[in-house]
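Pasting start-v3.txt here (compact mmCIF, C-alpha atoms and all ligand atoms):
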```
# COMPACT_ATOMS: atom_id res chain seq x y z
CA MET A 1 -0.72 -44.31 14.00
CA ARG A 2 0.71 -47.31 12.20
CA TYR A 3 -1.53 -49.73 10.30
CA LEU A 4 -0.82 -53.47 10.09
CA ASP A 5 -1.75 -55.70 7.16
CA LEU A 6 -4.03 -58.64 7.81
CA PRO A 7 -3.63 -61.92 5.92
CA GLY A 8 -5.82 -61.71 2.83
CA GLY A 9 -5.79 -57.91 2.58
CA SER A 10 -7.13 -54.92 4.55
CA SER A 11 -5.35 -53.39 7.48
CA ILE A 12 -5.91 -52.47 11.13
CA PRO A 13 -4.62 -49.69 13.36
CA SER A 14 -1.85 -50.73 15.74
CA LEU A 15 -3.77 -49.37 18.74
CA GLY A 16 -7.41 -49.83 19.69
CA LEU A 17 -9.76 -49.62 22.66
CA GLY A 18 -10.56 -52.56 24.96
CA THR A 19 -13.95 -52.81 26.69
CA TRP A 20 -13.68 -55.60 29.25
CA ARG A 21 -15.39 -54.63 32.56
CA MET A 22 -17.61 -52.20 30.69
CA GLY A 23 -21.34 -52.88 30.46
CA GLU A 24 -21.43 -54.65 33.82
CA ALA A 25 -23.22 -52.04 35.92
CA ALA A 26 -26.18 -49.91 34.85
CA GLY A 27 -24.87 -47.04 36.97
CA HIS A 28 -21.65 -46.85 34.92
CA ARG A 29 -23.28 -47.08 31.53
CA LYS A 30 -23.51 -43.35 30.78
CA ALA A 31 -19.81 -42.80 31.54
CA GLU A 32 -18.82 -45.88 29.51
CA VAL A 33 -20.85 -44.86 26.44
CA SER A 34 -19.28 -41.39 26.74
CA ALA A 35 -15.81 -42.95 26.96
CA VAL A 36 -16.27 -44.98 23.78
CA ARG A 37 -17.81 -41.95 22.05
CA ALA A 38 -14.91 -39.74 23.19
CA ALA A 39 -12.44 -42.37 22.01
CA ILE A 40 -13.94 -42.25 18.51
CA ASP A 41 -13.77 -38.44 18.54
CA MET A 42 -10.10 -38.60 19.58
CA GLY A 43 -9.28 -40.89 16.69
CA TYR A 44 -9.60 -44.47 17.97
CA ARG A 45 -10.78 -46.62 15.08
CA LEU A 46 -10.43 -50.16 16.46
CA ILE A 47 -12.75 -51.27 19.29
CA ASP A 48 -12.46 -54.67 20.95
CA THR A 49 -15.45 -56.23 22.70
CA ALA A 50 -17.02 -59.66 23.30
CA GLU A 51 -20.36 -61.28 24.04
CA MET A 52 -18.83 -62.16 27.43
CA TYR A 53 -18.22 -58.55 28.54
CA GLY A 54 -21.12 -57.62 30.77
CA GLU A 55 -22.98 -60.54 29.12
CA GLY A 56 -23.68 -58.38 26.08
CA GLY A 57 -23.70 -55.08 27.98
CA ALA A 58 -20.38 -53.96 26.50
CA GLU A 59 -21.51 -54.72 22.94
CA GLU A 60 -24.67 -52.69 23.55
CA LEU A 61 -22.82 -49.64 24.74
CA VAL A 62 -20.26 -49.87 21.93
CA GLY A 63 -23.23 -50.06 19.54
CA GLN A 64 -24.78 -46.98 21.13
CA ALA A 65 -21.55 -44.93 20.91
CA VAL A 66 -20.85 -46.05 17.34
CA ALA A 67 -24.40 -45.25 16.18
CA ASP A 68 -24.19 -41.83 17.79
CA ALA A 69 -20.83 -41.05 16.19
CA ILE A 70 -22.02 -42.14 12.74
CA ARG A 71 -25.30 -40.22 13.10
CA ALA A 72 -23.36 -37.08 14.08
CA GLY A 73 -21.13 -37.48 11.02
CA ASP A 74 -18.00 -37.84 13.20
CA VAL A 75 -16.94 -41.16 11.67
CA ARG A 76 -17.90 -43.39 8.77
CA ARG A 77 -18.80 -47.00 9.49
CA GLU A 78 -16.17 -48.20 7.02
CA ASP A 79 -13.44 -46.39 8.94
CA LEU A 80 -14.18 -48.30 12.15
CA PHE A 81 -12.87 -51.80 12.87
CA ILE A 82 -15.11 -53.57 15.37
CA VAL A 83 -13.87 -56.77 17.01
CA SER A 84 -16.08 -59.16 18.96
CA LYS A 85 -15.79 -62.72 20.26
CA VAL A 86 -17.86 -65.83 20.58
CA TYR A 87 -17.90 -67.76 23.87
CA PRO A 88 -16.29 -71.21 23.45
CA HIS A 89 -19.45 -72.93 24.68
CA ASN A 90 -21.39 -71.24 21.87
CA ALA A 91 -18.83 -72.10 19.19
CA SER A 92 -20.62 -75.04 17.54
CA ARG A 93 -21.75 -74.71 13.92
CA LYS A 94 -25.24 -73.47 14.80
CA GLY A 95 -24.22 -71.80 18.06
CA THR A 96 -21.60 -69.59 16.38
CA SER A 97 -24.12 -68.34 13.86
CA ALA A 98 -26.70 -67.63 16.57
CA ALA A 99 -24.15 -65.90 18.85
CA CYS A 100 -23.01 -63.74 15.95
CA ALA A 101 -26.61 -62.74 15.21
CA ARG A 102 -27.08 -61.69 18.85
CA SER A 103 -23.80 -59.72 18.84
CA LEU A 104 -24.75 -57.96 15.59
CA ALA A 105 -28.12 -57.00 17.07
CA ARG A 106 -26.53 -55.63 20.26
CA LEU A 107 -23.92 -53.73 18.27
CA GLY A 108 -26.58 -52.44 15.84
CA LEU A 109 -24.37 -53.43 12.91
CA ASP A 110 -24.87 -55.64 9.87
CA ARG A 111 -21.24 -56.80 9.95
CA ILE A 112 -18.50 -57.39 12.54
CA ASP A 113 -15.02 -56.63 11.18
CA LEU A 114 -13.23 -59.33 13.14
CA TYR A 115 -14.88 -62.18 15.03
CA LEU A 116 -12.75 -64.30 17.35
CA LEU A 117 -13.14 -67.60 19.16
CA HIS A 118 -12.55 -66.26 22.71
CA TRP A 119 -10.62 -69.31 23.91
CA ARG A 120 -10.58 -73.03 23.17
CA GLY A 121 -13.56 -75.01 24.40
CA GLU A 122 -15.41 -78.23 23.90
CA HIS A 123 -16.39 -77.84 20.25
CA PRO A 124 -14.05 -79.31 17.61
CA LEU A 125 -11.82 -76.64 16.09
CA ALA A 126 -12.66 -77.71 12.54
CA GLU A 127 -16.36 -77.16 13.23
CA THR A 128 -15.80 -73.69 14.71
CA CYS A 129 -13.50 -72.70 11.82
CA ASP A 130 -16.13 -73.85 9.37
CA ALA A 131 -18.80 -71.82 11.15
CA LEU A 132 -16.57 -68.71 11.17
CA ARG A 133 -15.75 -69.13 7.46
CA THR A 134 -19.45 -69.48 6.70
CA LEU A 135 -20.15 -66.20 8.52
CA ALA A 136 -17.41 -64.54 6.45
CA ALA A 137 -18.84 -65.97 3.21
CA GLN A 138 -22.26 -64.63 4.22
CA GLY A 139 -20.76 -61.17 4.79
CA ARG A 140 -21.84 -61.12 8.46
CA ILE A 141 -18.17 -60.84 9.51
CA ARG A 142 -15.21 -59.53 7.49
CA HIS A 143 -12.46 -61.57 9.15
CA TRP A 144 -12.25 -64.35 11.71
CA GLY A 145 -9.56 -65.20 14.21
CA VAL A 146 -8.77 -66.78 17.57
CA SER A 147 -7.79 -65.73 21.07
CA ASN A 148 -5.69 -67.34 23.80
CA PHE A 149 -4.22 -69.83 21.30
CA ASP A 150 -0.70 -71.03 22.13
CA THR A 151 1.73 -72.22 19.44
CA ASP A 152 0.48 -75.82 19.61
CA ASP A 153 -3.13 -74.60 19.33
CA MET A 154 -2.15 -72.64 16.21
CA GLU A 155 -0.49 -75.77 14.78
CA GLU A 156 -3.65 -77.72 15.50
CA LEU A 157 -5.75 -74.97 13.95
CA ALA A 158 -3.60 -75.17 10.84
CA ASP A 159 -4.20 -78.95 10.67
CA ALA A 160 -7.90 -78.83 11.57
CA GLY A 161 -8.85 -75.62 9.89
CA GLY A 162 -7.62 -76.07 6.32
CA ASP A 163 -4.17 -74.46 6.87
CA ALA A 164 -5.53 -71.44 8.81
CA ALA A 165 -4.01 -69.04 6.29
CA ASP A 166 -7.21 -67.00 6.48
CA CYS A 167 -7.14 -66.73 10.29
CA ALA A 168 -6.59 -62.98 10.64
CA VAL A 169 -5.39 -62.54 14.22
CA ASN A 170 -4.56 -64.29 17.49
CA GLN A 171 -5.40 -62.14 20.52
CA VAL A 172 -3.33 -63.04 23.60
CA TYR A 173 -2.04 -61.65 26.88
CA PHE A 174 1.13 -59.75 26.10
CA SER A 175 2.79 -56.87 27.93
CA ALA A 176 6.20 -55.72 29.13
CA GLY A 177 5.42 -57.68 32.31
CA GLU A 178 4.11 -60.81 30.55
CA ARG A 179 6.43 -61.62 27.66
CA GLY A 180 5.91 -65.39 27.38
CA ALA A 181 4.31 -65.16 23.90
CA GLU A 182 7.56 -63.72 22.57
CA PHE A 183 9.38 -67.04 22.72
CA SER A 184 7.64 -69.14 20.06
CA LEU A 185 4.10 -67.86 19.43
CA LEU A 186 4.98 -64.39 18.16
CA PRO A 187 7.62 -65.71 15.70
CA TRP A 188 5.13 -68.40 14.52
CA LEU A 189 2.49 -65.75 13.78
CA ARG A 190 4.95 -63.32 12.24
CA LYS A 191 6.22 -65.98 9.83
CA ARG A 192 2.65 -66.35 8.54
CA GLY A 193 1.97 -62.61 8.33
CA MET A 194 -0.62 -62.85 11.13
CA PRO A 195 -0.73 -59.94 13.60
CA MET A 196 -0.84 -60.70 17.30
CA MET A 197 -3.32 -58.58 19.27
CA ALA A 198 -2.00 -57.85 22.76
CA TYR A 199 -4.61 -57.76 25.50
CA SER A 200 -4.00 -56.31 28.97
CA PRO A 201 -1.01 -54.37 27.55
CA ILE A 202 -0.77 -52.29 30.75
CA ASP A 203 -1.21 -55.42 32.92
CA GLN A 204 -4.68 -54.21 33.85
CA GLY A 205 -3.27 -50.89 35.00
CA SER A 206 -0.43 -52.17 37.19
CA LEU A 207 2.37 -51.20 34.76
CA ALA A 208 1.27 -47.58 35.20
CA THR A 209 3.01 -47.67 38.60
CA ASP A 210 5.92 -49.95 37.71
CA ALA A 211 8.98 -48.36 39.32
CA GLY A 212 11.35 -49.16 36.45
CA LEU A 213 8.97 -47.93 33.76
CA LEU A 214 8.31 -44.77 35.79
CA LYS A 215 12.02 -43.98 35.68
CA ILE A 216 12.11 -44.25 31.89
CA ALA A 217 8.83 -42.29 31.66
CA GLN A 218 10.22 -39.40 33.68
CA ARG A 219 13.23 -39.21 31.42
CA LEU A 220 11.00 -39.13 28.32
CA ASP A 221 8.41 -36.81 29.89
CA VAL A 222 5.61 -39.32 29.35
CA THR A 223 3.77 -41.72 31.69
CA ALA A 224 4.72 -45.28 32.61
CA ALA A 225 1.52 -46.56 30.94
CA GLN A 226 2.66 -44.89 27.73
CA VAL A 227 6.07 -46.55 28.02
CA ALA A 228 4.32 -49.92 28.52
CA LEU A 229 2.20 -49.37 25.41
CA ALA A 230 5.10 -48.08 23.33
CA TRP A 231 7.03 -51.21 24.33
CA VAL A 232 4.21 -53.48 23.05
CA LEU A 233 3.99 -51.42 19.85
CA SER A 234 7.75 -51.62 19.31
CA ARG A 235 7.01 -55.17 18.11
CA PRO A 236 6.24 -54.64 14.43
CA THR A 237 3.40 -57.18 14.10
CA VAL A 238 1.63 -56.48 17.39
CA VAL A 239 -1.58 -54.50 17.99
CA ALA A 240 -2.37 -53.17 21.50
CA ILE A 241 -5.91 -52.78 22.84
CA PRO A 242 -5.70 -50.96 26.19
CA LYS A 243 -9.02 -50.43 27.97
CA ALA A 244 -9.74 -47.03 29.47
CA VAL A 245 -12.78 -45.15 30.66
CA ARG A 246 -11.05 -42.07 32.05
CA GLU A 247 -10.55 -39.43 29.39
CA ALA A 248 -6.98 -38.69 30.45
CA HIS A 249 -6.16 -42.39 30.04
CA LEU A 250 -7.81 -42.52 26.61
CA ARG A 251 -5.72 -39.56 25.42
CA GLU A 252 -2.49 -40.84 26.93
CA ASN A 253 -2.91 -44.26 25.39
CA LEU A 254 -3.67 -42.94 21.93
CA ALA A 255 -0.63 -40.66 22.07
CA ALA A 256 1.52 -43.68 22.98
CA ALA A 257 0.98 -44.99 19.45
CA ASP A 258 3.37 -42.26 18.28
CA LEU A 259 5.97 -42.75 21.02
CA GLU A 260 9.16 -44.42 19.83
CA LEU A 261 11.48 -45.98 22.37
CA SER A 262 15.22 -45.90 21.69
CA ALA A 263 17.39 -49.02 21.64
CA ALA A 264 18.70 -47.95 25.06
CA ASP A 265 15.14 -47.65 26.47
CA LEU A 266 14.29 -51.11 25.11
CA ALA A 267 17.45 -52.58 26.63
CA GLU A 268 16.57 -51.03 29.98
CA ILE A 269 13.10 -52.63 29.80
CA ASP A 270 14.78 -55.96 28.97
CA SER A 271 16.79 -55.70 32.15
CA LEU A 272 13.68 -54.82 34.20
CA HIS A 273 11.44 -57.43 32.58
CA PRO A 274 13.70 -59.99 30.87
CA PRO A 275 12.60 -61.75 27.69
CA PRO A 276 11.63 -65.43 28.08
CA ARG A 277 14.50 -67.94 27.79
CA ARG A 278 12.30 -70.97 27.23
CA LYS A 279 8.80 -71.90 26.20
CA SER A 280 6.19 -71.66 28.94
CA PRO A 281 2.43 -72.16 28.65
CA LEU A 282 0.68 -69.09 27.29
CA ALA A 283 -0.54 -66.87 30.15
CA MET A 284 -4.22 -66.03 30.28
CA ILE A 285 -6.16 -63.49 32.27
N1 LIG A 301 -9.19 -62.23 24.68
C1 LIG A 301 -9.13 -62.25 25.98
O1 LIG A 301 -9.21 -63.33 26.63
C2 LIG A 301 -8.97 -60.96 26.73
C3 LIG A 301 -8.58 -60.97 28.08
C4 LIG A 301 -8.40 -59.75 28.71
C5 LIG A 301 -8.60 -58.56 28.01
N2 LIG A 301 -9.00 -58.57 26.71
C6 LIG A 301 -9.22 -57.32 25.95
O2 LIG A 301 -8.10 -56.48 26.10
C7 LIG A 301 -8.51 -55.23 26.66
C8 LIG A 301 -7.41 -54.64 27.53
O3 LIG A 301 -7.07 -55.48 28.61
P1 LIG A 301 -7.51 -55.18 30.13
O4 LIG A 301 -8.75 -54.37 30.16
O5 LIG A 301 -7.51 -56.51 30.81
O6 LIG A 301 -6.28 -54.39 30.75
P2 LIG A 301 -5.41 -53.09 30.36
O7 LIG A 301 -5.89 -52.47 29.12
O8 LIG A 301 -3.98 -53.52 30.47
O9 LIG A 301 -5.70 -52.14 31.62
C9 LIG A 301 -6.94 -51.53 31.84
C10 LIG A 301 -6.88 -50.80 33.19
O10 LIG A 301 -5.81 -49.86 33.17
C11 LIG A 301 -6.32 -48.55 33.41
N3 LIG A 301 -5.61 -47.65 32.50
C12 LIG A 301 -5.82 -47.50 31.16
N4 LIG A 301 -5.00 -46.57 30.66
C13 LIG A 301 -4.25 -46.12 31.69
C14 LIG A 301 -3.25 -45.15 31.79
N5 LIG A 301 -2.83 -44.45 30.71
N6 LIG A 301 -2.68 -44.92 33.02
C15 LIG A 301 -3.10 -45.61 34.11
N7 LIG A 301 -4.05 -46.55 34.07
C16 LIG A 301 -4.63 -46.81 32.86
C17 LIG A 301 -7.80 -48.58 33.14
O11 LIG A 301 -8.44 -47.62 33.95
P3 LIG A 301 -9.77 -46.79 33.53
O12 LIG A 301 -10.68 -47.74 32.80
O13 LIG A 301 -10.30 -46.34 34.83
O14 LIG A 301 -9.39 -45.62 32.66
C18 LIG A 301 -8.12 -50.01 33.54
O15 LIG A 301 -8.31 -50.11 34.93
C19 LIG A 301 -9.77 -55.61 27.44
O16 LIG A 301 -10.53 -54.49 27.81
C20 LIG A 301 -10.43 -56.51 26.44
O17 LIG A 301 -11.03 -55.77 25.40
C21 LIG A 301 -9.15 -59.76 26.06
```
For this file, write the structure as structure tokens.
Amino acid sequence: MRYLDLPGGSSIPSLGLGTWRMGEAAGHRKAEVSAVRAAIDMGYRLIDTAEMYGEGGAEELVGQAVADAIRAGDVRREDLFIVSKVYPHNASRKGTSAACARSLARLGLDRIDLYLLHWRGEHPLAETCDALRTLAAQGRIRHWGVSNFDTDDMEELADAGGDAADCAVNQVYFSAGERGAEFSLLPWLRKRGMPMMAYSPIDQGSLATDAGLLKIAQRLDVTAAQVALAWVLSRPTVVAIPKAVREAHLRENLAAADLELSAADLAEIDSLHPPPRRKSPLAMI
């Protein structure tokens, strides 16, 4: 597993676990807590969640799995990197602080490692940045960042947010099937040493049955989902956060962090899913 440097020090694993769609149904909770717990046992160290996911339900079950793993001595808190996000409508000065307090309580933690503005909303960027920096100064979060920010949003953040050099990450939709961010956003972030966190890296599961990726997968004796993840991770400043509940998926995805695609494999993927030739608006799921 590769680690990527964040602006301002510390580092994050290149692959983590997503939790969207978890925490939505009481009947699935046991299996979802077990999945997060199993992921930690397998070696996942980065977990992505949000106050939006199951309206707090996902944070609660992540908190339960993390507490259990720490209690059992299977992981140390400092070795985990927990990401959560504030809803845009909560991202005022006071609202951000209150939302963070609720997330911390649900997660059962005294600090979130990375706290993101989930997408742009009605509150002025400068105010949200200020609120996030205050949380960092108070030690309630270690790093702050943004999500679903296109290049012009990042420019605006840099103007509004006191150069944004301390913004740790931008989390956006990026996969072999959705490459739009590659045109200008990824180079913009890379130039500033800011990792891009790729959400929906398997296109919500659909790349697992992509005919072209299956062909490459068969040749390499891996799965198409692993090829999709290895493609995302072939970008040196990109982190992938696939979501999985099924144990076989969790294992497959983690193993993909060590799969290296050859130049010929990458060229074949370019012909199946061509790189963008011009700027288009950032895709969002
Ligand atoms: N910031 C944002 O606005 C935003 C938006 C979307 C997502 N996200 C984050 O990014 C994470 C990942 O994105 P996502 O959940 O949308 O989609 P994804 O990770 O691309 O795909 C998840 C789906 O693929 C399946 N899957 C996982 N591994 C597989 C494998 N090896 N083979 C076949 N199928 C596999 C999962 O099934 P099982 O669960 O049944 O195993 C699940 O149905 C989210 O969970 C969330 O944390 C953030």
Contacts of Ala211 of chain A at 12 Å (only C-alpha atoms; same-chain gap of 3+ positions) as a PyMOL selection string: chain A and resi 206-208+214-218+223-225+227-228+269+272-273
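Closest approach to ligand LIG 301 (chain A) among A:Leu132, A:Ala98, A:Ile141, A:Met52 is made by A:Met52 (distances from only C-alpha atoms and all ligand atoms).
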For the point (-16.7, -57.4, 22.9) in file coordinates, what residues are within 8 Å, counting all atoms listed in the file? Give the answer as a list of chain:residue names? A:Thr19, A:Trp20, A:Asp48, A:Thr49, A:Ala50, A:Glu51, A:Met52, A:Tyr53, A:Gly56, A:Ala58, A:Glu59, A:Val83, A:Ser84, A:Lys85
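Between atom CA of Ala136 of chain A and atom CA of Leu17 of chain A lies a distance of 23.3 Å.
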Interface rows for chain A against ligand LIG 301 (chain A): nearest pair, Å to one decimal, 7 Å, all atoms listed in the file, as a tab-separated table:
```
residue	atom	partner	partner_atom	distance
A:Leu17	CA	A:LIG301	O17	6.9
A:Gly18	CA	A:LIG301	O17	3.3
A:Thr19	CA	A:LIG301	O16	4.0
A:Trp20	CA	A:LIG301	O16	3.6
A:Arg21	CA	A:LIG301	O16	6.8
A:Asp48	CA	A:LIG301	O17	4.8
A:Thr49	CA	A:LIG301	O17	5.2
A:His118	CA	A:LIG301	N1	5.6
A:Trp119	CA	A:LIG301	O1	6.7
A:Ser147	CA	A:LIG301	N1	5.2
A:Asn148	CA	A:LIG301	O1	6.0
A:Gln171	CA	A:LIG301	N1	5.6
A:Val172	CA	A:LIG301	N1	6.0
A:Tyr173	CA	A:LIG301	C3	6.7
A:Tyr199	CA	A:LIG301	O2	3.8
A:Ser200	CA	A:LIG301	O8	3.2
A:Pro201	CA	A:LIG301	O8	4.3
A:Ile202	CA	A:LIG301	O8	3.4
A:Asp203	CA	A:LIG301	O8	4.2
A:Gln204	CA	A:LIG301	O9	3.2
A:Gly205	CA	A:LIG301	O10	3.3
A:Ala208	CA	A:LIG301	C15	4.9
A:Ala225	CA	A:LIG301	N5	4.8
A:Gln226	CA	A:LIG301	N5	6.3
A:Ile241	CA	A:LIG301	C7	5.2
A:Pro242	CA	A:LIG301	O7	3.3
A:Lys243	CA	A:LIG301	O7	3.9
A:Ala244	CA	A:LIG301	O14	3.5
A:Val245	CA	A:LIG301	O12	4.0
A:Arg246	CA	A:LIG301	O14	4.0
A:His249	CA	A:LIG301	N5	4.0
A:Leu250	CA	A:LIG301	N4	6.4
A:Glu252	CA	A:LIG301	N5	5.2
A:Asn253	CA	A:LIG301	N5	5.3
A:Met284	CA	A:LIG301	O1	6.7
A:Ile285	CA	A:LIG301	C3	5.5
```
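Near segment 34-37 of chain A, within a cut-off of 7 Å and counting only C-alpha atoms, sit the residues Val62, Ala65, Val66, Ala69, Val245 and Glu247 of chain A, with same-chain residues fewer than 6 positions away left out.
Relative to atom CA of Ile12 of chain A, atom CA of Leu254 of chain A is found at 14.6 Å.
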Nearby residues (all atoms listed in the file) at most 12 Å from Ile70 of chain A, same-chain spacing under 2 positions excluded, as number ranges by chain: A: 37, 40-41, 63-68, 72-80, 108-109
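Interatomic distance, atom CA of Leu61 of chain A to atom CA of Arg140 of chain A: 19.9 Å.
In terms of minimum interatomic distance to Arg219 of chain A, A:Ser262 ranks closest within A:Ser184, A:Ser262, A:Ser280, A:Ser234, counting only C-alpha atoms.
Checking A:Leu6, A:Ala99, A:Val238, A:Ala160 one by one against Gly193 of chain A, counting only C-alpha atoms, you find the shortest gap at A:Leu6.
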The centre and edge lengths of an axis-aligned box containing all atoms of segment 18-37 of chain A present in the file, extended by 3 Å on each side, are to be given in Å to one decimal, as AutoDock Vina command-line options.
```
--center_x -18.4 --center_y -48.5 --center_z 29.5 --size_x 21.6 --size_y 20.2 --size_z 20.9
```
Shell of 12 Å around Phe149 of chain A, only C-alpha atoms, local chain residues under 5 positions omitted, as an MDAnalysis selection string: chainID A and resid 116:121 125 154:158 167 169:173 181 184:186 188:189 196:197 281:284
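The smallest atom-to-atom distance between Ala176 of chain A and any of A:Pro276, A:Gly139, A:Gly57, A:Pro7, using all atoms listed in the file, is found for A:Pro276.
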Which residues, written as a PyMOL selection string, have at least one atom at most 8 Å from Ala240 of chain A, with only C-alpha atoms counted and residues fewer than 5 positions away on the same chain left out? chain A and resi 14-16+197-199+201+229+232-233
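Nearest residue to Asp270 of chain A, choosing from A:Glu178, A:Glu32, A:Glu55, A:Asp258 and counting all atoms listed in the file: A:Glu178.
Within 7 Å of the file-frame point (-18.2, -73.1, 17.2), and using all atoms listed in the file, the polymer residues found are A:Pro88, A:Asn90, A:Ala91, A:Ser92, A:Arg93, A:Gly95, A:Thr96, A:His123, A:Glu127, A:Thr128, A:Ala131.
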Nearest-residue call for Leu261 of chain A, choices A:Asp113, A:Ala248, A:Trp231, A:Ser11, using only C-alpha atoms: A:Trp231
